[in-house]
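Asks: One structure, pasted below without further comment.
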Amino acid sequence: MFRLIAAAVLGVVAALPARAADPTTFTLDNGMEVVVLEDHRAPLVVHMVWYRVGAADEPPGKSGIAHFLEHLLFKGTDKLAAGEFSETVALNGGSDNAFTSQDYTAYFQRVAADRLGLMMEMEADRMRNLKMTDEDFATEKQVVLEERNMRIENDPNALFSEQRDAAQYLNHPYGIPTIGWKHEIEALTRDDAYDFYAKYYAPNNAILVVAGDVDPQDVRALANTHYGPLAPSEGIEARQRPQEPPQLSERRLMFSDPRVAQPYLSRSYLAPERDAGDQQGAAALTILSQLLGGSSNTSVLGRKLQFESDAAVYVGSYYRGQSYDDTTFTLIMVPRPGLSLAQGETALDAALAEFLTEGVDPDQLARVKMKMRAAQIYGDDNIDGLARRYGAALTSGLTLADVEAWPDVIDAVTAQDVMAAAKALFDPRKSVTGWVSPETTEQAEVSQ
């Protein structure tokens, strides 16, 4: 039955329309890299500028400055008043936004294809000509602090995640939250923002990704017109970040907050990321994550803990393989009512031990590969997602060849590869286990 379903799905996937052409790439004289992804099915274009700088590249004690600067770029320049950038995009029927991660900062607009030149003109302007008054800076700092209050301080799960990440990384800046620690955000100055902007916002530290109804030669001409005159910055080198020492001790967290609605346990492991030219290990971990917890109905942990033993109401696994440096592989389990977190952890450990003994089911492996292949092809239908896929990969240390090869690397993963990755991954010394509960540990022990 599985093979019949898989064959039917493959037929549907194979019938989907493909992108018009392979990516076109070139580099401007000032060092700015350009990637063009043609898709002529609708007269739309996504224009994205990605900077090779994120929260993990911030100076010590200045956490949050990368994200703060993202906000400040929507202030004025010599040509545009504060807020005029987004107003202009909207008046031209488009939408825009930006986002910051540990490894990159990106700005994007989705507009009619004939407005691409205007987007480039405005984006090139704020790459070099940002202006911010003291009032703008103070106002936006309050906006960022309020964002932290809403997203972190008022969310116990987010607070726990910060504590877990800080425990996971002994030395690497991935242990510092992207939005920044509150006390360090409060201390940021306008000079901090300008210094960070002057150092990293430059054409030779940026990648332009254009996806949609465009011709690569037209994109090249527009890019040369608008981005070409910008002078490159001197002294931009490959990122040098503090790295992790050997992790020799398991870490455990007991996090309590009366706002927690449902007790749960989390366990994260330090894990290797996707490396340029060497993606096989990350591919095996990607498939392992899907096999263990990708679906409550069909995954290994879902079957064992939700259906066979009735130990959990939810279980999942997550691997953030696309990062510049070592990343994490995380397991989440919500025990059923009446089962303590200690009992839930025992059940989780037993299920993992069974998996390591039993190995990978061939039909499940085939199902996961088919699901990932279909997701990749369906993803090509979305020009926003397509542009993000390439931009995020290239600013995380991967190459265009790595992005193009990824589906074949995934398809080549064997059951033996998955089991080897699992046995190397599940090292308690590289783990952080957290119990999240509305009660303190002492209260939980009494109630149980």
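Identifiers in the structure tokens: chain A, B, ... in order shown; residue index from 1 per chain; ligand index from 1 in order shown.
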Apply DSSP to the structure's backbone, then extract all residues of region 95-256 of chain A labelled strand (DSSP E or B) and return them as a PyMOL selection string.
Replies: chain A and resi 95-100+105-112+130+206-212+251-256
Asks: Give me, as JSON, numbers by chain, all polymer residues having an atom no more than 7 Å from region 127-130 of chain A, counting only C-alpha atoms and skipping those fewer than 2 positions away in the same chain.
Replies: {"A": [73, 76, 77, 78, 123, 124, 125, 132, 201, 202]}
Asks: Please provide the set of residues having any atom within 9 Å of region 205-219 of chain A, restricted to only C-alpha atoms, with same-chain residues fewer than 6 positions apart removed, written as JSON, numbers by chain.
Replies: {"A": [24, 25, 31, 32, 33, 34, 35, 36, 37, 38, 39, 40, 41, 42, 43, 44, 45, 46, 47, 48, 49, 50, 51, 52, 53, 112, 113, 114, 116, 117, 232, 233, 236, 383, 384, 386, 387, 388, 390, 391, 394, 395]}
Asks: Using only C-alpha atoms, which of A:Gly228, A:Gly180, A:Gly294, A:Pro438 sits nearest Glu147 (chain A)?
Replies: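 Of A:Gly228, A:Gly180, A:Gly294, A:Pro438, the one nearest Glu147 (chain A), counting only C-alpha atoms, is A:Gly180.
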Asks: Excluding region 186-190 of chain A and any residue of its chain fewer than 4 positions from it, enumerate the residues within 7 Å of it, using only C-alpha atoms, and give them as a list of chain:residue names.
Replies: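 After dropping sequence-adjacent residues, the list is A:Lys62, A:Phe137, A:Lys182, A:Tyr194.
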Asks: Provide the CA of Val413 (chain A) to CA of Thr298 (chain A) distance in Å, to one decimal place.
Replies: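 For CA of Val413 (chain A) relative to CA of Thr298 (chain A), the distance reads 19.6 Å.
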Asks: For region 329-335 of chain A, please output as a list in words all residues within 6 Å (counting only C-alpha atoms; exclusion window: fewer than 4 positions along the same chain).
Replies: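 The residues satisfying every condition are Tyr264, Leu265, Ser266, Arg267, Ser268, Tyr269, Ala311, Ala312, Val313, Tyr314, Val315, Gly316, Ser317, Tyr318, Tyr319, Leu339 and Gly344 of chain A.
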Asks: Do a neighbour search on Pro246 (chain A) at 10 Å with only C-alpha atoms, toss out local chain neighbours closer than 5 positions, and write the hits as a JSON list (two decimals) with N, CA, C and O atoms, in the first residue's frame.
Replies:
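Contents of part.json, freshly written:
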```
[["chain", "number", "residue", "atom", "x", "y", "z"],
["A", 170, "LEU", "N", 28.46, 26.91, 26.02],
["A", 170, "LEU", "CA", 29.35, 27.32, 27.10],
["A", 170, "LEU", "C", 30.15, 28.57, 26.73],
["A", 170, "LEU", "O", 30.54, 29.34, 27.61],
["A", 429, "ARG", "N", 26.67, 14.12, 27.61],
["A", 429, "ARG", "CA", 27.57, 15.20, 28.00],
["A", 429, "ARG", "C", 27.34, 16.47, 27.17],
["A", 429, "ARG", "O", 27.74, 17.56, 27.58],
["A", 430, "LYS", "N", 26.70, 16.33, 26.01],
["A", 430, "LYS", "CA", 26.43, 17.46, 25.15],
["A", 430, "LYS", "C", 24.96, 17.88, 25.21],
["A", 430, "LYS", "O", 24.46, 18.55, 24.31]]
```
Asks: Would you compute the distance between CA of Ser340 (chain A) and CA of Glu354 (chain A)? Give it in Å to one decimal.
Replies: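 Between CA of Ser340 (chain A) and CA of Glu354 (chain A) the gap works out to 21.2 Å.
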Asks: For a quick check of understanding, using only C-alpha atoms, which of A:Tyr169, A:Ser249, A:Ile287, A:Glu237 has the smallest distance to Gln364 (chain A)?
Replies: A:Ile287
Asks: Compare A:Glu121, A:Asp326, A:Asp427, A:Asp402 by their minimum atom-to-atom distance to Pro229 (chain A), counting only C-alpha atoms, and give me the closest one.
Replies: A:Glu121
Asks: Nearest to Lys371 (chain A): which of A:Leu291, A:Ala106, A:Leu425, A:Ala90 is it, counting only C-alpha atoms?
Replies: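 Once distances to Lys371 (chain A) are computed over only C-alpha atoms, the minimum belongs to A:Leu291.
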Asks: To one decimal place, how far is CA of Pro272 (chain A) from CA of Arg320 (chain A) in Å?
Replies: 9.5 Å
Asks: For Leu69 (chain A), which of A:Ala374, A:Ile152, A:Ala193, A:Leu145 is the closest residue, counting only C-alpha atoms?
Replies: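 Looking only at the distances to Leu69 (chain A), the closest residue turns out to be A:Ala193.
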Asks: Run DSSP on the backbone and give me the residues of region 234-435 of chain A it puts in helix (DSSP H, G or I), as number ranges by chain.
Replies: A: 280-293, 300-308, 341-358, 362-379, 383-394, 400-411, 415-425, 428-430
Asks: Hey, which of A:Ser299, A:Ser309, A:Ser323, A:Thr414 ends up closest to Ala283 (chain A)? Count only C-alpha atoms.
Replies: A:Thr414
